[in-house]
$ cat run-v2.tsv   # TSV, C-alpha atoms
chain	number	residue	atom	x	y	z
A	1	MET	CA	19.69	-5.32	-1.84
A	2	ALA	CA	18.62	-7.71	0.79
A	3	GLY	CA	17.87	-10.24	-1.96
A	4	ALA	CA	16.92	-13.14	0.19
A	5	ASP	CA	16.43	-15.44	-2.69
A	6	ALA	CA	18.11	-13.80	-5.63
A	7	ASP	CA	20.32	-16.72	-6.41
A	8	ASP	CA	22.63	-16.89	-9.37
A	9	GLY	CA	19.69	-17.15	-11.76
A	10	SER	CA	21.32	-19.79	-13.87
A	11	ASP	CA	18.15	-21.16	-15.36
A	12	VAL	CA	17.25	-19.59	-18.65
A	13	SER	CA	13.70	-18.48	-18.02
A	14	TRP	CA	14.48	-16.81	-14.72
A	15	THR	CA	17.02	-14.28	-15.95
A	16	PRO	CA	14.63	-12.10	-17.99
A	17	ILE	CA	12.05	-12.29	-15.21
A	18	ARG	CA	14.62	-11.18	-12.71
A	19	THR	CA	15.77	-8.34	-14.93
A	20	GLY	CA	12.19	-7.21	-15.39
A	21	ILE	CA	11.49	-7.25	-11.67
A	22	LEU	CA	14.65	-5.32	-10.84
A	23	ARG	CA	13.85	-2.71	-13.48
A	24	ASP	CA	10.29	-2.34	-12.19
A	25	ALA	CA	11.55	-2.10	-8.63
A	26	LEU	CA	13.84	0.74	-9.59
A	27	GLY	CA	10.97	2.46	-11.39
A	28	VAL	CA	8.75	2.20	-8.34
A	29	GLY	CA	11.55	3.60	-6.19
A	30	ILE	CA	11.94	6.59	-8.48
A	31	ALA	CA	8.20	7.24	-8.52
A	32	THR	CA	8.10	7.05	-4.75
A	33	GLY	CA	10.87	9.62	-4.71
A	34	ALA	CA	8.41	12.02	-6.32
A	35	TYR	CA	6.23	12.02	-3.26
A	36	GLY	CA	9.22	11.71	-0.98
A	37	LEU	CA	10.17	15.19	-2.15
A	38	SER	CA	6.79	16.52	-1.12
A	39	PHE	CA	6.98	14.71	2.19
A	40	GLY	CA	10.32	16.31	3.02
A	41	ALA	CA	9.00	19.73	2.12
A	42	ILE	CA	5.66	19.39	3.89
A	43	SER	CA	7.29	18.00	7.00
A	44	THR	CA	9.71	20.88	7.42
A	45	ALA	CA	6.90	23.31	6.64
A	46	ALA	CA	4.92	21.66	9.45
A	47	GLY	CA	7.66	22.54	11.90
A	48	LEU	CA	9.87	19.46	12.05
A	49	SER	CA	13.58	20.01	11.61
A	50	VAL	CA	15.45	18.52	8.68
A	51	VAL	CA	16.94	15.88	10.97
A	52	GLN	CA	13.57	15.00	12.49
A	53	THR	CA	12.08	14.74	9.01
A	54	CYS	CA	14.81	12.41	7.81
A	55	VAL	CA	14.68	10.24	10.93
A	56	LEU	CA	10.94	9.90	10.48
A	57	SER	CA	11.44	8.58	6.94
A	58	LEU	CA	14.21	6.24	8.08
A	59	VAL	CA	12.46	4.69	11.05
A	60	MET	CA	8.75	5.01	10.34
A	61	PHE	CA	9.07	4.36	6.62
A	62	THR	CA	5.46	4.25	5.62
A	63	GLY	CA	4.42	7.22	3.54
A	64	GLY	CA	0.76	7.40	4.41
A	65	SER	CA	1.47	7.45	8.13
A	66	GLN	CA	4.21	10.02	7.74
A	67	PHE	CA	2.04	12.39	5.72
A	68	ALA	CA	-0.75	11.96	8.25
A	69	MET	CA	1.52	12.64	11.21
A	70	VAL	CA	3.08	15.81	9.83
A	71	GLY	CA	-0.35	16.85	8.57
A	72	VAL	CA	-1.73	16.80	12.11
A	73	ILE	CA	1.31	18.63	13.46
A	74	GLY	CA	1.21	21.18	10.64
A	75	GLY	CA	-2.46	21.78	11.38
A	76	GLY	CA	-1.63	22.69	14.97
A	77	GLY	CA	-2.30	19.31	16.58
A	78	ALA	CA	-0.16	17.78	19.29
A	79	ALA	CA	2.80	15.74	18.11
A	80	LEU	CA	1.57	12.65	19.92
A	81	THR	CA	-1.85	13.00	18.34
A	82	GLY	CA	-0.02	13.07	15.02
A	83	ALA	CA	1.83	9.91	15.98
A	84	ALA	CA	-1.42	8.19	16.89
A	85	THR	CA	-2.95	9.15	13.56
A	86	GLY	CA	0.14	7.83	11.83
A	87	ILE	CA	-0.17	4.53	13.64
A	88	LEU	CA	-3.81	4.28	12.65
A	89	LEU	CA	-2.81	4.70	9.02
A	90	GLY	CA	-0.12	2.10	9.53
A	91	VAL	CA	-2.65	-0.59	10.39
A	92	ARG	CA	-3.00	-1.46	6.73
A	93	ASN	CA	0.60	-2.63	6.75
A	94	SER	CA	-0.47	-5.36	9.17
A	95	PHE	CA	-2.89	-6.61	6.58
A	96	TYR	CA	-0.22	-6.49	3.92
A	97	ALA	CA	2.12	-8.38	6.22
A	98	VAL	CA	-0.45	-11.11	6.76
A	99	ARG	CA	-0.58	-11.60	3.02
A	100	LEU	CA	3.20	-11.52	2.73
A	101	ALA	CA	3.86	-13.85	5.67
A	102	ARG	CA	3.20	-16.97	3.67
A	103	LEU	CA	5.11	-15.71	0.63
A	104	LEU	CA	8.20	-14.52	2.47
A	105	ASP	CA	8.33	-17.05	5.28
A	106	VAL	CA	11.08	-15.10	7.00
A	107	HIS	CA	12.66	-15.99	10.31
A	108	GLY	CA	15.36	-14.71	12.62
A	109	TRP	CA	16.96	-11.38	11.84
A	110	ARG	CA	15.37	-11.27	8.43
A	111	ARG	CA	11.90	-10.90	9.87
A	112	PRO	CA	12.32	-7.42	11.36
A	113	VAL	CA	14.18	-6.33	8.24
A	114	ALA	CA	11.38	-7.58	6.04
A	115	ALA	CA	8.81	-6.01	8.37
A	116	GLN	CA	10.33	-2.59	7.96
A	117	LEU	CA	9.97	-2.93	4.18
A	118	VAL	CA	6.28	-3.91	4.27
A	119	ILE	CA	4.58	-0.97	2.54
A	120	ASP	CA	2.04	-0.38	-0.21
A	121	GLU	CA	4.52	-0.54	-3.04
A	122	SER	CA	6.53	-3.60	-2.02
A	123	THR	CA	3.31	-5.51	-1.31
A	124	ALA	CA	1.72	-4.57	-4.62
A	125	MET	CA	4.85	-5.55	-6.51
A	126	ALA	CA	5.13	-8.87	-4.69
A	127	VAL	CA	1.53	-10.05	-4.91
A	128	MET	CA	1.20	-9.43	-8.65
A	129	ARG	CA	3.84	-12.08	-9.43
A	130	THR	CA	2.85	-15.53	-10.52
A	131	THR	CA	5.54	-17.53	-8.74
A	132	PRO	CA	6.67	-17.30	-5.12
A	133	ARG	CA	10.27	-16.87	-6.18
A	134	ALA	CA	9.42	-13.86	-8.34
A	135	GLY	CA	7.19	-12.50	-5.59
A	136	ARG	CA	9.97	-12.68	-3.02
A	137	LEU	CA	12.45	-10.98	-5.30
A	138	ALA	CA	9.89	-8.29	-6.13
A	139	PHE	CA	9.30	-7.66	-2.43
A	140	TRP	CA	12.94	-7.34	-1.46
A	141	ALA	CA	14.00	-5.40	-4.54
A	142	THR	CA	11.11	-2.96	-4.32
A	143	GLY	CA	11.47	-2.55	-0.58
A	144	ALA	CA	15.17	-1.78	-0.89
A	145	SER	CA	14.71	0.50	-3.87
A	146	VAL	CA	11.91	2.48	-2.24
A	147	TYR	CA	13.82	2.67	1.05
A	148	VAL	CA	16.79	4.28	-0.63
A	149	CYS	CA	14.79	6.57	-2.92
A	150	TRP	CA	12.26	7.60	-0.29
A	151	ASN	CA	14.95	8.62	2.16
A	152	LEU	CA	17.07	10.44	-0.40
A	153	ALA	CA	14.02	12.29	-1.67
A	154	THR	CA	12.98	13.17	1.88
A	155	LEU	CA	16.37	14.74	2.48
A	156	ILE	CA	16.28	16.69	-0.79
A	157	GLY	CA	12.71	17.81	-0.18
A	158	ALA	CA	13.50	18.90	3.36
A	159	LEU	CA	16.54	20.89	2.29
A	160	SER	CA	14.78	22.62	-0.57
A	161	ALA	CA	11.41	23.09	1.02
A	162	HIS	CA	10.69	26.32	-0.79
A	163	ALA	CA	10.80	24.50	-4.14
A	164	PHE	CA	8.42	21.70	-3.22
A	165	SER	CA	6.29	23.13	-0.47
A	166	ASP	CA	3.24	22.83	-2.66
A	167	PRO	CA	3.36	19.42	-4.32
A	168	ARG	CA	0.17	20.33	-6.12
A	169	VAL	CA	2.02	22.63	-8.50
A	170	LEU	CA	3.96	19.73	-9.96
A	171	GLY	CA	1.00	17.38	-9.80
A	172	LEU	CA	2.93	15.26	-7.33
A	173	ASP	CA	-0.22	14.51	-5.36
A	174	ALA	CA	-1.39	12.51	-8.38
A	175	ALA	CA	1.73	10.34	-8.34
A	176	ALA	CA	0.77	7.90	-5.60
A	177	PRO	CA	-2.72	7.04	-6.89
A	178	ALA	CA	-1.31	6.54	-10.40
A	179	ALA	CA	1.47	4.34	-9.06
A	180	PHE	CA	-0.98	2.21	-7.06
A	181	LEU	CA	-3.20	1.92	-10.10
A	182	ALA	CA	-0.36	0.76	-12.33
A	183	LEU	CA	0.76	-1.74	-9.69
A	184	MET	CA	-2.67	-3.13	-9.07
A	185	ALA	CA	-4.05	-3.33	-12.59
A	186	PRO	CA	-2.58	-6.79	-13.26
A	187	ARG	CA	-4.44	-8.12	-10.22
A	188	LEU	CA	-7.80	-7.26	-11.68
A	189	ARG	CA	-8.09	-10.13	-14.09
A	190	SER	CA	-11.03	-11.92	-12.61
A	191	ARG	CA	-14.36	-10.92	-11.27
A	192	GLU	CA	-13.89	-11.22	-7.55
A	193	PRO	CA	-11.02	-8.77	-7.15
A	194	TRP	CA	-12.90	-6.31	-9.34
A	195	VAL	CA	-15.97	-6.49	-7.15
A	196	VAL	CA	-13.92	-6.22	-3.98
A	197	ALA	CA	-11.98	-3.29	-5.41
A	198	LEU	CA	-15.09	-1.36	-6.41
A	199	VAL	CA	-16.94	-2.01	-3.18
A	200	ALA	CA	-13.86	-1.17	-1.14
A	201	ALA	CA	-13.32	2.12	-2.95
A	202	THR	CA	-16.98	3.06	-2.57
A	203	VAL	CA	-17.09	2.22	1.12
A	204	ALA	CA	-13.90	4.19	1.75
A	205	LEU	CA	-15.14	7.26	-0.10
A	206	VAL	CA	-18.58	7.27	1.46
A	207	SER	CA	-17.11	7.03	4.95
A	208	VAL	CA	-14.52	9.79	4.53
A	209	PRO	CA	-16.70	12.65	5.84
A	210	PHE	CA	-17.75	10.72	8.94
A	211	VAL	CA	-14.65	9.11	10.39
A	212	PRO	CA	-11.07	10.20	11.17
A	213	ALA	CA	-8.31	9.89	8.59
A	214	GLY	CA	-7.09	6.34	8.18
A	215	VAL	CA	-10.37	4.72	9.14
A	216	PRO	CA	-11.94	4.69	5.65
A	217	VAL	CA	-9.17	2.47	4.39
A	218	LEU	CA	-9.79	0.10	7.30
A	219	PHE	CA	-13.42	-0.13	6.24
A	220	ALA	CA	-12.09	-1.15	2.85
A	221	ALA	CA	-10.09	-3.87	4.56
A	222	ALA	CA	-13.29	-5.04	6.18
A	223	VAL	CA	-14.78	-5.46	2.72
A	224	ALA	CA	-11.93	-7.80	1.83
A	225	VAL	CA	-12.41	-9.72	5.07
A	226	ILE	CA	-16.13	-10.14	4.45
A	227	ALA	CA	-15.48	-11.32	0.91
A	228	GLY	CA	-12.65	-13.53	2.06
A	229	VAL	CA	-14.32	-15.44	4.85
A	230	ARG	CA	-17.50	-16.09	2.92
A	231	PRO	CA	-18.21	-19.75	2.31
A	232	VAL	CA	-15.62	-20.61	-0.28
A	233	ALA	CA	-17.55	-22.64	-2.80
A	234	GLY	CA	-21.07	-23.69	-3.57
A	235	SER	CA	-23.29	-21.87	-1.15
A	236	ARG	CA	-24.33	-18.29	-1.73
A	237	PRO	CA	-22.92	-15.61	0.47
A	238	VAL	CA	-25.04	-14.99	3.49
A	239	ALA	CA	-22.97	-12.71	5.65
A	240	GLY	CA	-22.48	-9.64	3.50
A	241	SER	CA	-25.33	-7.38	2.64
A	242	ARG	CA	-23.32	-6.09	-0.28
A	243	PRO	CA	-23.88	-6.84	-3.94
A	244	ASP	CA	-21.37	-9.57	-3.81
A	245	PRO	CA	-21.73	-11.89	-6.77
A	246	GLY	CA	-18.68	-13.95	-7.62
A	247	SER	CA	-19.78	-17.48	-7.06
A	248	ARG	CA	-16.46	-18.47	-8.55
A	249	PRO	CA	-14.22	-17.50	-5.71
A	250	ASP	CA	-10.80	-17.77	-7.18
A	251	ALA	CA	-11.00	-17.60	-10.92
A	252	GLY	CA	-7.57	-16.64	-12.10
A	253	PHE	CA	-6.37	-15.83	-8.65
A	254	ARG	CA	-4.03	-18.08	-6.79
A	255	PRO	CA	-4.90	-21.67	-7.41
A	256	ASP	CA	-4.79	-22.49	-3.75
A	257	ALA	CA	-8.30	-21.81	-2.62
A	258	GLY	CA	-9.09	-25.48	-2.34
A	259	PHE	CA	-10.33	-27.17	0.72
A	260	ARG	CA	-7.96	-28.49	3.25
A	261	PRO	CA	-8.76	-30.94	5.94
A	262	ASP	CA	-7.51	-28.58	8.61
A	263	ALA	CA	-9.84	-25.77	7.61
A	264	GLY	CA	-11.68	-26.07	10.86
A	265	ALA	CA	-11.81	-22.95	12.91
A	266	PRO	CA	-13.22	-19.78	11.44
A	267	PRO	CA	-10.21	-17.49	11.41
A	268	ALA	CA	-10.05	-13.95	12.58
A	269	PRO	CA	-7.65	-12.27	10.20
A	270	ALA	CA	-8.83	-8.77	10.92
A	271	SER	CA	-8.41	-8.92	14.63
A	272	ALA	CA	-5.04	-10.52	14.16
A	273	GLY	CA	-3.91	-7.37	12.40
A	274	GLU	CA	-5.55	-4.78	14.51
A	275	GLY	CA	-4.58	-6.37	17.75
A	276	GLY	CA	-1.05	-5.22	17.10
A	277	ALA	CA	-1.76	-1.60	17.83
B	278	MET	CA	8.59	15.91	19.00
B	279	TRP	CA	11.25	13.23	19.23
B	280	LEU	CA	9.05	11.20	21.53
B	281	ALA	CA	6.25	11.36	18.98
B	282	ILE	CA	8.60	10.39	16.17
B	283	PHE	CA	9.85	7.31	17.96
B	284	ALA	CA	6.52	6.30	19.45
B	285	GLY	CA	4.82	6.60	16.07
B	286	SER	CA	7.61	4.72	14.33
B	287	LEU	CA	7.64	1.95	16.91
B	288	GLY	CA	3.89	1.58	16.56
B	289	CYS	CA	4.10	1.39	12.79
B	290	PHE	CA	6.93	-1.11	12.94
B	291	MET	CA	5.14	-3.36	15.40
B	292	LEU	CA	2.07	-3.37	13.18
B	293	LYS	CA	4.19	-4.61	10.28
B	294	LEU	CA	5.98	-7.17	12.41
B	295	VAL	CA	2.83	-8.60	13.94
B	296	GLY	CA	1.40	-9.40	10.52
B	297	LEU	CA	4.57	-11.14	9.42
B	298	SER	CA	4.74	-13.10	12.65
B	299	LEU	CA	1.44	-14.89	12.38
B	300	PRO	CA	2.09	-18.61	12.64
B	301	ARG	CA	2.06	-20.56	9.40
B	302	LYS	CA	-0.84	-22.62	10.66
B	303	VAL	CA	-2.95	-19.50	10.74
B	304	VAL	CA	-1.93	-17.96	7.42
B	305	GLU	CA	-2.52	-21.21	5.60
B	306	VAL	CA	-6.12	-21.63	6.64
B	307	PRO	CA	-7.93	-21.30	3.30
B	308	ARG	CA	-10.18	-18.48	4.39
B	309	VAL	CA	-7.28	-16.52	5.82
B	310	LYS	CA	-5.40	-17.07	2.59
B	311	HIS	CA	-8.33	-15.97	0.51
B	312	THR	CA	-8.87	-12.89	2.65
B	313	ALA	CA	-5.18	-12.06	2.59
B	314	ASP	CA	-5.19	-12.29	-1.19
B	315	LEU	CA	-8.03	-9.80	-1.40
B	316	LEU	CA	-6.66	-7.34	1.15
B	317	PRO	CA	-4.03	-5.63	-1.03
B	318	VAL	CA	-6.59	-5.11	-3.79
B	319	ALA	CA	-9.13	-3.61	-1.41
B	320	LEU	CA	-6.60	-1.41	0.40
B	321	LEU	CA	-4.87	-0.10	-2.70
B	322	THR	CA	-8.13	0.70	-4.45
B	323	ALA	CA	-9.38	2.50	-1.36
B	324	LEU	CA	-6.14	4.48	-1.24
B	325	ILE	CA	-6.47	5.41	-4.90
B	326	ALA	CA	-10.03	6.55	-4.31
B	327	THR	CA	-9.39	8.54	-1.15
B	328	GLN	CA	-6.17	10.15	-2.39
B	329	THR	CA	-7.85	11.19	-5.61
B	330	PHE	CA	-11.34	12.22	-4.58
B	331	THR	CA	-10.99	13.65	-1.10
B	332	SER	CA	-9.45	16.67	0.51
B	333	GLY	CA	-9.27	16.47	4.27
B	334	ARG	CA	-12.63	15.04	5.21
B	335	HIS	CA	-14.50	16.31	2.19
B	336	LEU	CA	-15.14	14.62	-1.10
B	337	GLN	CA	-13.61	16.71	-3.83
B	338	LEU	CA	-13.45	16.41	-7.58
B	339	ASP	CA	-10.51	18.28	-9.06
B	340	ALA	CA	-7.54	18.00	-11.40
B	341	ARG	CA	-6.36	14.83	-9.65
B	342	ALA	CA	-9.35	12.97	-11.06
B	343	VAL	CA	-8.34	13.89	-14.59
B	344	GLY	CA	-4.80	12.79	-13.79
B	345	LEU	CA	-6.15	9.44	-12.64
B	346	VAL	CA	-8.17	9.03	-15.83
B	347	ALA	CA	-5.00	9.75	-17.79
B	348	ALA	CA	-3.25	7.08	-15.75
B	349	VAL	CA	-6.01	4.58	-16.53
B	350	VAL	CA	-5.60	5.31	-20.24
B	351	ALA	CA	-1.83	4.91	-19.96
B	352	VAL	CA	-2.27	1.58	-18.19
B	353	ARG	CA	-4.68	0.40	-20.86
B	354	LEU	CA	-2.10	1.34	-23.50
B	355	ARG	CA	0.40	-0.79	-21.60
B	356	ALA	CA	2.64	2.17	-20.88
B	357	PRO	CA	5.63	1.46	-18.63
B	358	PHE	CA	5.15	2.12	-14.93
B	359	LEU	CA	7.08	5.38	-14.77
B	360	VAL	CA	5.25	6.71	-17.82
B	361	VAL	CA	1.92	6.07	-16.12
B	362	VAL	CA	3.02	8.01	-13.06
B	363	ALA	CA	4.56	10.82	-15.10
B	364	VAL	CA	1.46	11.18	-17.28
B	365	ALA	CA	-0.76	11.47	-14.21
B	366	CYS	CA	1.45	14.15	-12.65
B	367	LEU	CA	1.82	16.06	-15.89
B	368	VAL	CA	-1.87	16.08	-16.73
B	369	THR	CA	-2.76	17.15	-13.19
B	370	ALA	CA	-0.16	19.91	-13.15
B	371	LEU	CA	-1.07	21.22	-16.59
B	372	LEU	CA	-4.76	21.26	-15.77
B	373	ARG	CA	-4.07	23.25	-12.60
B	374	LEU	CA	-1.94	25.64	-14.61
B	375	ALA	CA	-4.74	26.12	-17.11
B	376	THR	CA	-7.51	26.68	-14.60
$ encode --input "run-v2.tsv" --output "structure tokens"
Amino acid sequence: MAGADADDGSDVSWTPIRTGILRDALGVGIATGAYGLSFGAISTAAGLSVVQTCVLSLVMFTGGSQFAMVGVIGGGGAALTGAATGILLGVRNSFYAVRLARLLDVHGWRRPVAAQLVIDESTAMAVMRTTPRAGRLAFWATGASVYVCWNLATLIGALSAHAFSDPRVLGLDAAAPAAFLALMAPRLRSREPWVVALVAATVALVSVPFVPAGVPVLFAAAVAVIAGVRPVAGSRPVAGSRPDPGSRPDAGFRPDAGFRPDAGAPPAPASAGEGGA
Amino acid sequence: MWLAIFAGSLGCFMLKLVGLSLPRKVVEVPRVKHTADLLPVALLTALIATQTFTSGRHLQLDARAVGLVAAVVAVRLRAPFLVVVAVACLVTALLRLAT
């Protein structure tokens, strides 16, 4: 494990926390393996070789993008179109990375390593922790665990494509939503994340028939941006037209939503992420 | 194909790296912080919704929805993570078998 900050854990309260995080990280890795099997199978069925399938998991390493890419290719689309769709689905990792930047604070060679591990699961595991130390360990442990399991499962799935070519039979297509749900549930303790979650899900679903794959989730990100850049305290929201109550911005969230003297310029978090494409 | 694999992977990697490389001054602006805190919640919920209730570009209600409900129940019962995932898969698979 790349455990950037997993020190010797000598203090008493840390050891059980660390054990819990490592166990959860392994669990998430195993669950991810379930859809890694289907990825391997679907990818070879779409016409990629076993080697190409495995390289994709090793170097792209972001499930949603990989499924999208082989989906396009399997449906008869051009490989580069598939790659473009995959990149579009990868935009959400930029948003995750923005959130993780301040937690991880990585520099030098660690930054590209950490970047490669920025995915749904490692982010969800990291942001649900209450201390930065636990969050960092959760990120690295989950990232490493998923990296190993996802790639092993890809290989197995690719080699035994006939057994897993229809992930629906084993209900494997229900694995990812259930995993995200279990990972996110602890975040929904106060009103604002609930509202954002519900609005985001609704916006994404409503937009699905009208926009290409990957875009609905970006609309959901826009919901978070609108909620996030609203005036922080006191005044009612003016920007969003959405039912956006929550006059208590950060109840139970991170206790760092206070004002800072340097809070001058209105930031542009969304463009910061999307500009990377 | 190889070109697509490496181009796609490079694109995805750069997207991750760009987010991590924002200067501290930017990520510590309160509104950026607040937004960044909300982003994982919004994105993951949207993923849950789209992966459960859509098929291609159509909305679709099928066995996956029942699997998700089972997962919600498991979470409410404080089931361990892997149990939640297994319950969702099992319920979805069994329902498909039965229908």
$ atom_distance --input "run-v2.tsv" --atom1 "CA of Ala224 (chain A)" --atom2 "CA of Asp173 (chain A)"
26.2 Å
$ atom_distance --input "run-v2.tsv" --atom1 "CA of Val50 (chain A)" --atom2 "CA of Asn151 (chain A)"
11.9 Å
$ atom_distance --input "run-v2.tsv" --atom1 "CA of Ile30 (chain A)" --atom2 "CA of Cys54 (chain A)"
17.5 Å
$ residues_around --input "run-v2.tsv" --residues "Leu359 (chain B)" --least-positions-apart "6" --cutoff "10 Å" --atoms "only C-alpha atoms" --output "VMD selection string"
(chain A and resid 24 26 to 31 175 178 to 179 182) or (chain B and resid 365)
$ closest_residue --input "run-v2.tsv" --among "B:Leu338, B:Leu367, B:Leu324, B:Ala351" --to "Val215 (chain A)" --atoms "only C-alpha atoms"
B:Leu324
$ interface_residues --input "run-v2.tsv" --of "chain B" --to "chain A" --cutoff "7 Å" --atoms "all atoms listed in the file" --output "ChimeraX atom specification"
/B:278,281-282,284-286,288-297,301,304,306-309,311-329,334-335,341,344-345,348,352,358-359,361-362,365-367,369-370
$ write_last_selection --input "run-v2.tsv" --atoms "C-alpha atoms" --output "short mmCIF file (atom, residue, chain, number, x, y, z; two decimals), keeping the file's coordinate frame"
data_model
loop_
_atom_site.label_atom_id
_atom_site.label_comp_id
_atom_site.auth_asym_id
_atom_site.auth_seq_id
_atom_site.Cartn_x
_atom_site.Cartn_y
_atom_site.Cartn_z
CA MET B 278 8.59 15.91 19.00
CA ALA B 281 6.25 11.36 18.98
CA ILE B 282 8.60 10.39 16.17
CA ALA B 284 6.52 6.30 19.45
CA GLY B 285 4.82 6.60 16.07
CA SER B 286 7.61 4.72 14.33
CA GLY B 288 3.89 1.58 16.56
CA CYS B 289 4.10 1.39 12.79
CA PHE B 290 6.93 -1.11 12.94
CA MET B 291 5.14 -3.36 15.40
CA LEU B 292 2.07 -3.37 13.18
CA LYS B 293 4.19 -4.61 10.28
CA LEU B 294 5.98 -7.17 12.41
CA VAL B 295 2.83 -8.60 13.94
CA GLY B 296 1.40 -9.40 10.52
CA LEU B 297 4.57 -11.14 9.42
CA ARG B 301 2.06 -20.56 9.40
CA VAL B 304 -1.93 -17.96 7.42
CA VAL B 306 -6.12 -21.63 6.64
CA PRO B 307 -7.93 -21.30 3.30
CA ARG B 308 -10.18 -18.48 4.39
CA VAL B 309 -7.28 -16.52 5.82
CA HIS B 311 -8.33 -15.97 0.51
CA THR B 312 -8.87 -12.89 2.65
CA ALA B 313 -5.18 -12.06 2.59
CA ASP B 314 -5.19 -12.29 -1.19
CA LEU B 315 -8.03 -9.80 -1.40
CA LEU B 316 -6.66 -7.34 1.15
CA PRO B 317 -4.03 -5.63 -1.03
CA VAL B 318 -6.59 -5.11 -3.79
CA ALA B 319 -9.13 -3.61 -1.41
CA LEU B 320 -6.60 -1.41 0.40
CA LEU B 321 -4.87 -0.10 -2.70
CA THR B 322 -8.13 0.70 -4.45
CA ALA B 323 -9.38 2.50 -1.36
CA LEU B 324 -6.14 4.48 -1.24
CA ILE B 325 -6.47 5.41 -4.90
CA ALA B 326 -10.03 6.55 -4.31
CA THR B 327 -9.39 8.54 -1.15
CA GLN B 328 -6.17 10.15 -2.39
CA THR B 329 -7.85 11.19 -5.61
CA ARG B 334 -12.63 15.04 5.21
CA HIS B 335 -14.50 16.31 2.19
CA ARG B 341 -6.36 14.83 -9.65
CA GLY B 344 -4.80 12.79 -13.79
CA LEU B 345 -6.15 9.44 -12.64
CA ALA B 348 -3.25 7.08 -15.75
CA VAL B 352 -2.27 1.58 -18.19
CA PHE B 358 5.15 2.12 -14.93
CA LEU B 359 7.08 5.38 -14.77
CA VAL B 361 1.92 6.07 -16.12
CA VAL B 362 3.02 8.01 -13.06
CA ALA B 365 -0.76 11.47 -14.21
CA CYS B 366 1.45 14.15 -12.65
CA LEU B 367 1.82 16.06 -15.89
CA THR B 369 -2.76 17.15 -13.19
CA ALA B 370 -0.16 19.91 -13.15
#
$ closest_residue --input "run-v2.tsv" --among "A:Val72, A:Ala134, A:Ala45, A:Cys149" --to "Ser13 (chain A)" --atoms "all atoms listed in the file"
A:Ala134
$ residues_around --input "run-v2.tsv" --residues "Val70 (chain A)" --least-positions-apart "6" --cutoff "8 Å" --atoms "all atoms listed in the file" --output "PyMOL selection string"
chain A and resi 42-43+46+82
$ decode --input "run-v2.tsv" --residues "region 339-350 of chain B" --atoms "N, CA and C atoms" --output "compact mmCIF listing (two decimals), in the first residue's frame"
# COMPACT_ATOMS: atom_id res chain seq x y z
N ASP B 339 -36.48 -1.67 -13.49
CA ASP B 339 -36.44 -3.13 -13.55
C ASP B 339 -35.90 -3.70 -12.24
N ALA B 340 -35.40 -4.91 -12.31
CA ALA B 340 -34.96 -5.61 -11.10
C ALA B 340 -33.90 -4.84 -10.32
N ARG B 341 -33.12 -4.01 -11.03
CA ARG B 341 -32.07 -3.26 -10.33
C ARG B 341 -32.66 -2.35 -9.26
N ALA B 342 -33.84 -1.81 -9.54
CA ALA B 342 -34.48 -0.91 -8.57
C ALA B 342 -34.79 -1.66 -7.28
N VAL B 343 -35.27 -2.89 -7.43
CA VAL B 343 -35.57 -3.69 -6.24
C VAL B 343 -34.27 -4.01 -5.50
N GLY B 344 -33.23 -4.29 -6.25
CA GLY B 344 -31.92 -4.52 -5.64
C GLY B 344 -31.46 -3.31 -4.84
N LEU B 345 -31.71 -2.13 -5.38
CA LEU B 345 -31.30 -0.90 -4.69
C LEU B 345 -32.11 -0.71 -3.40
N VAL B 346 -33.41 -1.00 -3.49
CA VAL B 346 -34.24 -0.91 -2.28
C VAL B 346 -33.70 -1.88 -1.22
N ALA B 347 -33.34 -3.08 -1.64
CA ALA B 347 -32.79 -4.05 -0.70
C ALA B 347 -31.50 -3.50 -0.08
N ALA B 348 -30.71 -2.81 -0.90
CA ALA B 348 -29.47 -2.23 -0.38
C ALA B 348 -29.78 -1.14 0.65
N VAL B 349 -30.80 -0.34 0.37
CA VAL B 349 -31.18 0.71 1.33
C VAL B 349 -31.57 0.08 2.66
N VAL B 350 -32.36 -0.98 2.59
CA VAL B 350 -32.77 -1.67 3.81
C VAL B 350 -31.54 -2.20 4.55
